[in-house]
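A.B. asks: final-v8.txt is reproduced in full below (compact mmCIF, C-alpha atoms and all ligand atoms).
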# COMPACT_ATOMS: atom_id res chain seq x y z
CA CYS A 12 0.00 0.00 0.00
CA TRP A 13 1.28 3.46 -0.93
CA PHE A 14 -0.34 6.80 -1.71
CA MET A 15 0.17 9.54 -4.22
CA ARG A 16 -0.21 12.93 -2.63
CA GLN A 17 -0.05 15.13 -5.74
CA ALA A 18 -2.26 18.14 -5.12
CA GLY A 19 -1.99 16.88 -1.59
CA ARG A 20 -0.33 19.27 0.77
CA TYR A 21 -2.14 17.31 3.49
CA LEU A 22 0.99 17.03 5.62
CA PRO A 23 1.83 20.04 7.81
CA GLU A 24 5.55 19.29 7.43
CA TYR A 25 5.18 19.54 3.63
CA ARG A 26 3.30 22.83 3.88
CA GLU A 27 5.98 24.13 6.21
CA LEU A 28 8.78 23.34 3.75
CA ARG A 29 6.67 24.56 0.83
CA ALA A 30 6.09 27.91 2.53
CA ARG A 31 9.84 28.48 2.38
CA HIS A 32 10.51 27.23 -1.18
CA ARG A 33 8.93 27.53 -4.60
CA MET A 34 7.53 24.29 -6.01
CA LEU A 35 10.14 24.23 -8.79
CA ASP A 36 12.92 24.77 -6.27
CA LEU A 37 11.67 21.83 -4.20
CA ILE A 38 11.71 19.68 -7.33
CA ARG A 39 15.08 20.87 -8.63
CA THR A 40 17.04 20.66 -5.39
CA PRO A 41 17.84 16.98 -4.80
CA GLU A 42 18.17 17.36 -1.01
CA LEU A 43 14.75 19.04 -0.79
CA ALA A 44 13.09 16.55 -3.15
CA PHE A 45 14.62 13.79 -1.00
CA GLU A 46 13.21 15.40 2.14
CA VAL A 47 9.68 15.70 0.70
CA THR A 48 9.79 12.13 -0.60
CA MET A 49 10.70 10.85 2.86
CA GLN A 50 8.16 12.87 4.87
CA PRO A 51 5.21 10.44 4.67
CA LEU A 52 7.49 7.46 5.28
CA ARG A 53 8.61 8.92 8.58
CA ARG A 54 5.00 9.14 9.70
CA PHE A 55 3.39 6.02 8.26
CA GLU A 56 4.36 2.42 7.62
CA LEU A 57 4.02 2.57 3.85
CA ASP A 58 5.20 -0.21 1.56
CA ALA A 59 6.61 2.06 -1.13
CA ALA A 60 7.67 5.63 -1.77
CA ILE A 61 7.15 7.82 -4.84
CA ILE A 62 9.83 10.28 -5.87
CA PHE A 63 8.89 13.90 -5.40
CA ALA A 64 8.71 15.69 -8.75
CA ASP A 65 5.84 16.57 -11.08
CA ILE A 66 4.74 15.24 -14.46
CA LEU A 67 5.20 18.74 -15.94
CA ASN A 68 8.72 19.84 -14.96
CA PRO A 69 10.43 17.45 -17.46
CA LEU A 70 8.76 19.47 -20.24
CA MET A 71 11.24 22.24 -19.48
CA SER A 72 13.85 20.08 -21.22
CA LEU A 73 11.81 20.54 -24.43
CA GLY A 74 11.90 24.32 -24.01
CA ILE A 75 8.47 24.57 -22.39
CA GLU A 76 8.41 27.43 -19.87
CA LEU A 77 6.25 26.74 -16.85
CA ASP A 78 5.65 27.48 -13.23
CA PHE A 79 3.33 26.44 -10.42
CA ILE A 80 1.29 29.48 -9.44
CA GLU A 81 0.01 29.92 -5.88
CA GLY A 82 -3.67 29.10 -5.62
CA GLU A 83 -3.93 28.44 -9.34
CA GLY A 84 -1.86 25.40 -10.24
CA PRO A 85 0.48 24.79 -13.15
CA LYS A 86 0.91 27.39 -15.89
CA ILE A 87 2.67 27.06 -19.25
CA PHE A 88 3.81 30.34 -20.76
CA ASN A 89 4.51 29.11 -24.30
CA PRO A 90 1.71 26.65 -25.11
CA ILE A 91 1.65 24.60 -28.30
CA ALA A 92 -0.75 25.84 -30.99
CA CYS A 93 0.55 24.46 -34.28
CA GLU A 94 3.07 22.21 -35.97
CA SER A 95 5.80 24.84 -36.10
CA ASP A 96 5.63 25.13 -32.28
CA ILE A 97 6.32 21.41 -32.10
CA LYS A 98 9.17 21.60 -34.59
CA ALA A 99 10.68 24.40 -32.49
CA LEU A 100 10.79 22.20 -29.37
CA LYS A 101 14.29 21.45 -28.10
CA ARG A 102 15.76 17.96 -28.30
CA PRO A 103 15.96 16.96 -24.65
CA GLN A 104 19.33 16.24 -23.03
CA VAL A 105 17.66 14.09 -20.42
CA GLU A 106 20.68 13.11 -18.34
CA ASP A 107 21.79 16.73 -17.92
CA ASP A 108 18.46 18.55 -18.01
CA LEU A 109 16.79 16.31 -15.44
CA SER A 110 19.82 15.28 -13.37
CA TYR A 111 18.20 16.83 -10.28
CA THR A 112 15.55 14.11 -10.21
CA PHE A 113 18.07 11.33 -10.82
CA ASP A 114 20.18 12.70 -7.95
CA ALA A 115 17.10 12.89 -5.71
CA ILE A 116 16.29 9.26 -6.56
CA LYS A 117 19.81 8.19 -5.61
CA LEU A 118 19.53 9.95 -2.25
CA CYS A 119 16.15 8.31 -1.56
CA VAL A 120 17.23 4.85 -2.61
CA SER A 121 20.31 4.87 -0.39
CA GLU A 122 18.06 5.70 2.57
CA LEU A 123 15.20 3.35 1.64
CA GLN A 124 17.25 0.28 0.73
CA GLY A 125 17.96 -0.59 4.35
CA LYS A 126 14.24 -0.37 5.09
CA ASN A 127 13.38 -2.60 2.15
CA VAL A 128 11.02 0.03 0.73
CA PRO A 129 11.00 0.33 -3.07
CA LEU A 130 10.91 3.73 -4.75
CA LEU A 131 8.53 4.46 -7.62
CA GLY A 132 9.64 6.67 -10.46
CA PHE A 133 7.10 8.20 -12.82
CA SER A 134 6.33 10.21 -15.90
CA GLY A 135 3.29 11.76 -17.47
CA ALA A 136 1.83 9.91 -20.47
CA PRO A 137 2.07 11.54 -23.91
CA PHE A 138 -1.64 12.38 -24.08
CA THR A 139 -1.89 13.98 -20.65
CA LEU A 140 1.34 15.94 -21.16
CA SER A 141 0.10 17.11 -24.57
CA ALA A 142 -3.10 18.35 -22.99
CA TYR A 143 -1.14 20.55 -20.56
CA MET A 144 1.13 21.79 -23.37
CA ILE A 145 -1.83 22.76 -25.56
CA GLU A 146 -4.19 24.14 -22.89
CA GLY A 147 -1.35 26.05 -21.23
CA GLY A 148 -2.05 25.03 -17.66
CA LYS A 149 -5.04 24.10 -15.60
CA LEU A 150 -7.22 21.67 -17.54
CA GLY A 151 -10.98 21.90 -18.01
CA ASP A 152 -12.94 20.27 -20.81
CA LEU A 153 -9.84 19.88 -23.06
CA LEU A 154 -11.45 22.01 -25.77
CA LYS A 155 -8.16 23.19 -27.28
CA THR A 156 -6.60 19.76 -27.04
CA LYS A 157 -9.47 18.07 -28.84
CA LEU A 158 -9.68 20.75 -31.52
CA PHE A 159 -5.96 20.34 -32.07
CA MET A 160 -6.30 16.58 -32.34
CA PHE A 161 -9.20 16.69 -34.77
CA SER A 162 -7.90 19.51 -36.97
CA GLN A 163 -4.12 18.98 -36.94
CA GLU A 164 -3.81 15.23 -36.93
CA SER A 165 -0.26 14.92 -38.23
CA ALA A 166 0.97 17.61 -35.83
CA TRP A 167 -0.72 15.71 -33.00
CA HIS A 168 1.15 12.54 -33.89
CA LEU A 169 4.42 14.46 -34.19
CA LEU A 170 3.91 15.88 -30.70
CA GLN A 171 3.33 12.38 -29.31
CA GLU A 172 6.60 11.25 -30.88
CA ARG A 173 8.52 14.18 -29.43
CA LEU A 174 7.14 13.38 -25.99
CA ILE A 175 8.07 9.72 -26.29
CA GLU A 176 11.65 10.80 -27.07
CA LEU A 177 11.60 12.49 -23.67
CA ILE A 178 9.63 9.92 -21.65
CA VAL A 179 11.61 6.81 -22.63
CA PRO A 180 15.08 8.06 -21.61
CA TYR A 181 13.62 9.89 -18.61
CA THR A 182 12.00 6.78 -17.15
CA LEU A 183 14.94 4.50 -18.00
CA GLU A 184 17.35 6.87 -16.27
CA GLN A 185 15.10 6.87 -13.19
CA LEU A 186 15.50 3.09 -13.11
CA ASN A 187 19.28 3.42 -13.57
CA SER A 188 19.28 5.76 -10.60
CA GLY A 189 17.59 3.13 -8.43
CA ALA A 190 13.82 3.42 -8.94
CA ALA A 191 12.21 -0.03 -8.77
CA VAL A 192 9.15 0.58 -10.94
CA ILE A 193 7.77 3.27 -13.22
CA GLN A 194 4.22 4.58 -13.22
CA ILE A 195 2.90 6.43 -16.27
CA PHE A 196 0.22 8.99 -15.39
CA ASP A 197 -2.52 9.41 -17.97
CA SER A 198 -4.82 11.32 -15.61
CA TRP A 199 -6.93 12.92 -18.35
CA ALA A 200 -7.42 9.95 -20.67
CA GLY A 201 -10.97 9.50 -19.39
CA PHE A 202 -12.00 12.76 -21.07
CA LEU A 203 -11.83 11.05 -24.44
CA ALA A 204 -14.36 8.76 -26.05
CA ALA A 205 -13.08 5.25 -26.58
CA ALA A 206 -12.86 5.77 -30.36
CA GLU A 207 -10.56 8.78 -30.01
CA TYR A 208 -8.51 7.07 -27.32
CA GLU A 209 -8.00 4.19 -29.74
CA LYS A 210 -7.01 6.44 -32.62
CA PHE A 211 -4.97 9.25 -31.02
CA VAL A 212 -3.60 7.75 -27.81
CA LEU A 213 -3.32 3.97 -27.82
CA PRO A 214 -0.82 3.55 -30.72
CA HIS A 215 1.60 6.00 -29.09
CA LEU A 216 1.31 4.28 -25.73
CA LYS A 217 2.08 0.97 -27.44
CA ASN A 218 5.12 2.54 -29.07
CA LEU A 219 6.29 4.02 -25.77
CA ILE A 220 5.78 0.81 -23.81
CA GLY A 221 7.47 -1.23 -26.56
CA GLN A 222 10.58 0.93 -26.38
CA PHE A 223 10.59 0.78 -22.59
CA LYS A 224 10.16 -3.00 -22.50
CA ARG A 225 12.93 -3.60 -25.04
CA ALA A 226 15.31 -1.67 -22.78
CA THR A 227 14.39 -3.02 -19.33
CA SER A 228 12.58 -5.80 -17.49
CA SER A 229 11.53 -3.43 -14.68
CA PRO A 230 7.79 -3.22 -14.09
CA LEU A 231 5.62 -0.53 -15.63
CA VAL A 232 2.21 0.60 -14.36
CA TYR A 233 -0.31 2.56 -16.41
CA PHE A 234 -2.42 4.97 -14.35
CA SER A 235 -5.60 6.47 -15.70
CA THR A 236 -8.82 7.88 -14.30
CA GLY A 237 -12.31 7.99 -15.72
CA THR A 238 -11.47 5.17 -18.11
CA ALA A 239 -14.02 2.62 -16.87
CA GLY A 240 -15.64 2.63 -20.32
CA MET A 241 -12.47 1.72 -22.19
CA LEU A 242 -10.72 -0.89 -20.07
CA ASP A 243 -11.01 -3.32 -22.97
CA LEU A 244 -8.78 -0.95 -25.00
CA ILE A 245 -6.42 -0.20 -22.12
CA LYS A 246 -6.04 -3.92 -21.64
CA GLN A 247 -4.08 -4.03 -24.93
CA LEU A 248 -1.21 -2.14 -23.35
CA PRO A 249 1.69 -4.52 -22.62
CA VAL A 250 2.36 -3.11 -19.15
CA ASP A 251 2.66 -5.08 -15.90
CA GLY A 252 -0.07 -3.30 -14.01
CA PHE A 253 -3.00 -0.94 -14.24
CA SER A 254 -4.04 1.67 -11.71
CA ILE A 255 -7.79 2.23 -11.80
CA ASP A 256 -10.12 4.64 -10.05
CA TRP A 257 -13.28 4.10 -8.00
CA ARG A 258 -15.55 4.17 -11.06
CA THR A 259 -14.67 0.51 -11.70
CA SER A 260 -14.80 -2.13 -9.01
CA ILE A 261 -11.71 -4.29 -8.53
CA SER A 262 -13.67 -7.40 -9.47
CA GLU A 263 -14.98 -5.82 -12.67
CA ALA A 264 -11.46 -4.64 -13.56
CA ARG A 265 -10.16 -8.16 -12.96
CA ARG A 266 -12.86 -9.61 -15.20
CA ILE A 267 -11.98 -7.26 -18.07
CA LEU A 268 -8.20 -7.07 -17.67
CA GLY A 269 -7.75 -10.82 -17.22
CA PRO A 270 -5.90 -12.85 -14.57
CA GLU A 271 -2.28 -11.89 -15.36
CA LYS A 272 -2.05 -8.15 -14.71
CA ILE A 273 -1.48 -6.35 -11.42
CA ILE A 274 -4.40 -4.12 -10.47
CA GLN A 275 -3.82 -1.06 -8.31
CA GLY A 276 -6.46 1.12 -6.76
CA ASN A 277 -9.05 2.30 -6.07
CA LEU A 278 -10.20 4.07 -2.91
CA ASP A 279 -11.97 7.35 -3.64
CA PRO A 280 -9.69 10.08 -2.17
CA LEU A 281 -12.81 11.80 -0.91
CA ILE A 282 -13.54 8.77 1.24
CA LEU A 283 -10.01 8.97 2.63
CA ALA A 284 -10.70 12.64 3.39
CA GLY A 285 -13.35 11.61 5.90
CA PRO A 286 -15.38 11.25 7.96
CA GLU A 287 -13.42 8.77 10.05
CA SER A 288 -16.56 6.77 10.72
CA TYR A 289 -17.14 5.89 7.06
CA LEU A 290 -13.56 5.11 6.08
CA PRO A 291 -12.59 1.76 7.69
CA ALA A 292 -15.40 -0.29 6.17
CA GLN A 293 -14.64 1.04 2.70
CA VAL A 294 -10.94 0.21 3.02
CA GLU A 295 -11.91 -3.24 4.25
CA ARG A 296 -14.26 -3.74 1.30
CA ILE A 297 -11.55 -2.87 -1.23
CA VAL A 298 -8.97 -5.04 0.51
CA MET A 299 -11.39 -8.00 0.44
CA GLU A 300 -12.13 -7.43 -3.23
CA GLY A 301 -8.41 -7.17 -3.88
CA LYS A 302 -7.69 -10.42 -2.05
CA LYS A 303 -10.32 -12.14 -4.11
CA ALA A 304 -9.00 -10.66 -7.36
CA GLY A 305 -5.34 -11.40 -6.55
CA LYS A 306 -2.27 -9.49 -7.82
CA PHE A 307 -3.57 -6.39 -6.13
CA ILE A 308 -1.95 -3.21 -4.75
CA PHE A 309 -4.07 -1.10 -2.42
CA ASN A 310 -3.97 2.56 -3.42
CA LEU A 311 -6.11 5.59 -4.00
CA GLY A 312 -7.95 5.99 -7.29
CA HIS A 313 -6.33 9.44 -7.57
CA GLY A 314 -4.17 11.73 -5.38
CA ILE A 315 -4.82 12.63 -1.75
CA ILE A 316 -6.78 15.85 -1.41
CA PRO A 317 -5.30 18.65 0.74
CA SER A 318 -8.00 18.59 3.44
CA THR A 319 -7.34 14.93 4.30
CA PRO A 320 -6.49 14.60 8.00
CA PRO A 321 -3.15 12.74 8.24
CA GLN A 322 -4.81 10.63 10.94
CA ASN A 323 -7.09 9.13 8.26
CA VAL A 324 -4.09 7.76 6.38
CA ALA A 325 -3.04 5.97 9.56
CA ILE A 326 -6.56 4.54 9.86
CA ALA A 327 -6.55 3.28 6.28
CA LEU A 328 -3.22 1.52 6.81
O1 LIG B 1 2.76 12.02 -4.48
C1 LIG B 1 3.65 12.84 -4.68
O2 LIG B 1 3.82 13.89 -4.03
C2 LIG B 1 4.61 12.53 -5.78
C3 LIG B 1 4.94 13.65 -6.63
C4 LIG B 1 3.89 14.11 -7.62
C5 LIG B 1 3.44 15.46 -7.73
N1 LIG B 1 2.66 15.54 -8.84
C6 LIG B 1 3.80 16.59 -6.82
C7 LIG B 1 2.93 17.79 -6.80
C8 LIG B 1 3.28 13.37 -8.62
C9 LIG B 1 3.34 11.87 -8.90
C10 LIG B 1 2.52 14.29 -9.41
C11 LIG B 1 1.80 13.89 -10.63
C12 LIG B 1 0.99 14.88 -11.36
N2 LIG B 1 1.16 16.23 -11.48
C13 LIG B 1 -0.14 14.51 -12.15
C14 LIG B 1 -0.64 13.10 -12.38
C15 LIG B 1 -1.44 12.60 -11.24
C16 LIG B 1 -2.78 13.27 -11.07
O3 LIG B 1 -3.00 13.84 -9.99
O4 LIG B 1 -3.61 13.21 -11.96
C17 LIG B 1 -0.66 15.70 -12.69
C18 LIG B 1 -1.88 15.80 -13.59
C19 LIG B 1 0.18 16.78 -12.28
C20 LIG B 1 0.06 18.22 -12.64
C21 LIG B 1 -0.11 19.09 -11.44
N3 LIG B 1 0.88 19.36 -10.52
C22 LIG B 1 -1.27 19.79 -11.01
C23 LIG B 1 -2.59 19.75 -11.72
C24 LIG B 1 -0.93 20.49 -9.83
C25 LIG B 1 -1.77 21.47 -9.06
C26 LIG B 1 -2.72 20.76 -8.17
C27 LIG B 1 -3.53 21.69 -7.31
O5 LIG B 1 -4.65 21.31 -6.98
O6 LIG B 1 -3.05 22.77 -6.94
C28 LIG B 1 0.41 20.16 -9.52
C29 LIG B 1 1.17 20.65 -8.36
C30 LIG B 1 1.77 19.60 -7.45
N4 LIG B 1 2.49 18.52 -7.87
C31 LIG B 1 1.75 19.60 -6.01
C32 LIG B 1 2.49 18.48 -5.61
C33 LIG B 1 2.81 18.07 -4.19
C34 LIG B 1 1.14 20.70 -5.14
C35 LIG B 1 1.96 21.91 -5.32
C36 LIG B 1 2.10 22.81 -4.15
O7 LIG B 1 2.65 22.43 -3.12
O8 LIG B 1 1.71 23.97 -4.29
Would you give me this structure, written as C-alpha cells?
C.D. replies:
Amino acid sequence: CWFMRQAGRYLPEYRELRARHRMLDLIRTPELAFEVTMQPLRRFELDAAIIFADILNPLMSLGIELDFIEGEGPKIFNPIACESDIKALKRPQVEDDLSYTFDAIKLCVSELQGKNVPLLGFSGAPFTLSAYMIEGGKLGDLLKTKLFMFSQESAWHLLQERLIELIVPYTLEQLNSGAAVIQIFDSWAGFLAAAEYEKFVLPHLKNLIGQFKRATSSPLVYFSTGTAGMLDLIKQLPVDGFSIDWRTSISEARRILGPEKIIQGNLDPLILAGPESYLPAQVERIVMEGKKAGKFIFNLGHGIIPSTPPQNVAIAL
C-alpha cells in the first residue's frame, strides 16, 4: 500500500517546507526533493515511496516554460498551438536537463534500501502531457486539445513522438538511478471517447511501452482515471499493471483485464478525506475485493486531497 499525494499538501511538514521554497525549487534541489519524498514514510508504515517531482517539470527540457502558481496550479507560458511550435521544441538532453531528479532518486534509494522500501519513479503519459502543453495550464474540458487533435492530426502525432523521445530516456534513467518501478500517469485519458482514445492515444502508448520494454525488465504501471468505459482498450497495453479509479470495481477490472495483470487502486480520495466513521469499512471492502482478485496493490484511485487529516491515512493503513 502506498499513496500519491499530488495536489496533496495534506501534511503540515510539507506545507511548512513549501512555505519556504517555490515548487520548482523543491523539485530541482535533490536534497529538498529527498526530504519531501521521505516525509510520509517517517509518519506512516508505507510499503513504497514515490519520488517527489511533477509530471510537468520534465517538459522544461523541451523548451516549455512553466511554473506552479500559488492558488492556481500549473501554468505554461509558451503553449503549443501548431506544428511549427512542435518543430521548435528542443531535443531533450535528459541526463543533464533532469539530473536533479536522478540525484534525488539516488539519495532516496540509499536511505530506503535498508528499510526494504522500493521507490517508484514516474512520468506523465504523452496524451496527458500534450493536454497541458496545448491548454497552457489548468485543464478543463480539453477544448483546445481536442480541436488540435481533430484539426491537426499529423501535428498531433508528431507531438506524441517528441514526448516519447523524452519519456523513454527519462523513465529509463530513473531506473538506472535506483527506482524499482515506473508509473505512467494518464490522468486525463478519461476525457476522451473510446474511439478517439484508440485512434490518437493507444498507438503511441504501445510505441512508448514497446521501447521501454525492449530496454528493461523493470515493471511498468499505467495509471488512468475515468477510463471505466475503455478498459477493454487499455487492456491491450503490454504493461505489468493498471491503476484504476473508483468508477470501476476491482472485481470488474479483474474480469476485463484478465488474470495476469497487477491491479492497483481504487479508494476514492474523498472517502479517505473523511469522515473517520465511514472510512474503515470502505478500506476493508476494497482489501477483500483485492484479495479475491489477486495481484492487487491497495492505493487511491487518484491523489490525496489537501484537506485529508493525516490521521485518516493511519486509519486506512
Ligand atoms: O505524491 C507525490 O507527491 C509525488 C509527486 C507528484 C506530484 N505531482 C507533486 C505535486 C506526482 C506523482 C505528481 C503527478 C501529477 N502532477 C499529475 C498526475 C497525477 C494526477 O494527480 O492526476 C498531474 C496531472 C500533475 C500536474 C499538477 N501538478 C497539477 C494539476 C498540480 C496542481 C494541483 C492543485 O490542486 O493545486 C500540480 C502541483 C503539485 N504537484 C503539487 C504536488 C505536491 C502541489 C503543489 C504545491 O505544493 O503547491
A.B. asks: If we count only C-alpha atoms and set the cut-off at 12 Å, which residues sit around region 83-92 of chain A, ignoring sequence neighbours fewer than 6 positions away in its own chain? Please answer as a ChimeraX atom specification.
C.D. replies: /A:17-18,34-35,65-68,70-71,73-77,98-100,140-150,155-160,162-163,166-167,170
A.B. asks: List all protein, DNA and RNA residues that have an atom no more than 8 Å from any atom of ligand LIG 1 (chain B), counting all atoms listed in the file, and report them as an NGL selection string.
C.D. replies: :A and (14-20 or 25-26 or 29 or 34 or 47-48 or 61-67 or 79-85 or 133-135 or 139 or 148-150 or 196-199 or 235-236 or 313-314)
A.B. asks: If we count all atoms listed in the file, what is near region 263-265 of chain A at a cut-off of 12 Å, once residues fewer than 5 positions away on the same chain are taken out, given as a ChimeraX atom specification?
C.D. replies: /A:238-243,245-246,252-258,270-277,300-307
A.B. asks: Please report the interatomic distance between CA of Glu176 (chain A) and CA of Val120 (chain A) in Å with one decimal.
C.D. replies: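 Interatomic distance here is 25.8 Å.
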A.B. asks: Can you tell me how far CA of Asp251 (chain A) sits from CA of Val232 (chain A), in Å to one decimal?
C.D. replies: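 Separation between CA of Asp251 (chain A) and CA of Val232 (chain A): 5.9 Å.
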A.B. asks: Given the choices A:Phe211, A:Leu328, A:Leu278, A:Glu287, which gets closest to Leu311 (chain A) if the distance is worked out from only C-alpha atoms?
C.D. replies: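 Checking each of A:Phe211, A:Leu328, A:Leu278, A:Glu287 against Leu311 (chain A), counting only C-alpha atoms, the winner is A:Leu278.
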A.B. asks: Ranking A:Leu216, A:Ala30, A:Glu184, A:Phe202 by minimum distance to Val105 (chain A) and counting all atoms listed in the file, which one comes first?
C.D. replies: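 Selected residue with least distance to Val105 (chain A): A:Glu184.
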A.B. asks: Please list as an MDAnalysis selection string every residue within 8 Å of Leu248 (chain A), counting only C-alpha atoms and excluding residues in the same chain fewer than 6 positions away.
C.D. replies: chainID A and resid 213 216:217 220
A.B. asks: What does the distance between CA of Leu169 (chain A) and CA of Gln247 (chain A) come to in Å, to one decimal place?
C.D. replies: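 Straight-line distance from CA of Leu169 (chain A) to CA of Gln247 (chain A) works out to 22.4 Å.
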A.B. asks: Check the smallest atom-to-atom distance from each of A:Leu174, A:Leu183, A:Leu244, A:Leu283 to Ile267 (chain A) using only C-alpha atoms, then report the winner.
C.D. replies: A:Leu244
A.B. asks: I'd like the neighbourhood of region 114-118 of chain A as a ChimeraX atom specification, where a residue qualifies if any of its atoms comes within 10 Å (using all atoms listed in the file), though same-chain residues fewer than 5 positions away should be ignored.
C.D. replies: /A:38-46,48,61-64,109,123,130-132,185-190
A.B. asks: Return the single residue from A:Ala325, A:Ile193, A:Ala284, A:Val128 that is closest to Tyr21 (chain A), with distances computed using only C-alpha atoms.
C.D. replies: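 Comparing A:Ala325, A:Ile193, A:Ala284, A:Val128 against Tyr21 (chain A), the winner is A:Ala284.
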A.B. asks: Find the spatial neighbours of Gln293 (chain A), counting all atoms listed in the file, within a cut-off of 9 Å - ignore same-chain residues fewer than 4 positions away - and output them as a ChimeraX atom specification.
C.D. replies: /A:278,282,289,297-298
A.B. asks: Which is closer to Leu290 (chain A) than all the others in A:Ala205, A:Leu177, A:Ile326, A:Leu219, using only C-alpha atoms?
C.D. replies: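 Comparing A:Ala205, A:Leu177, A:Ile326, A:Leu219 against Leu290 (chain A), the winner is A:Ile326.
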A.B. asks: Region 318-328 of chain A, all listed atoms, 8 Å padding on each side: what axis-aligned box centre and edge lengths in Å to one decimal come out, as AutoDock Vina command-line options?
C.D. replies:
--center_x -5.5 --center_y 10.1 --center_z 7.2 --size_x 21.0 --size_y 33.1 --size_z 23.5
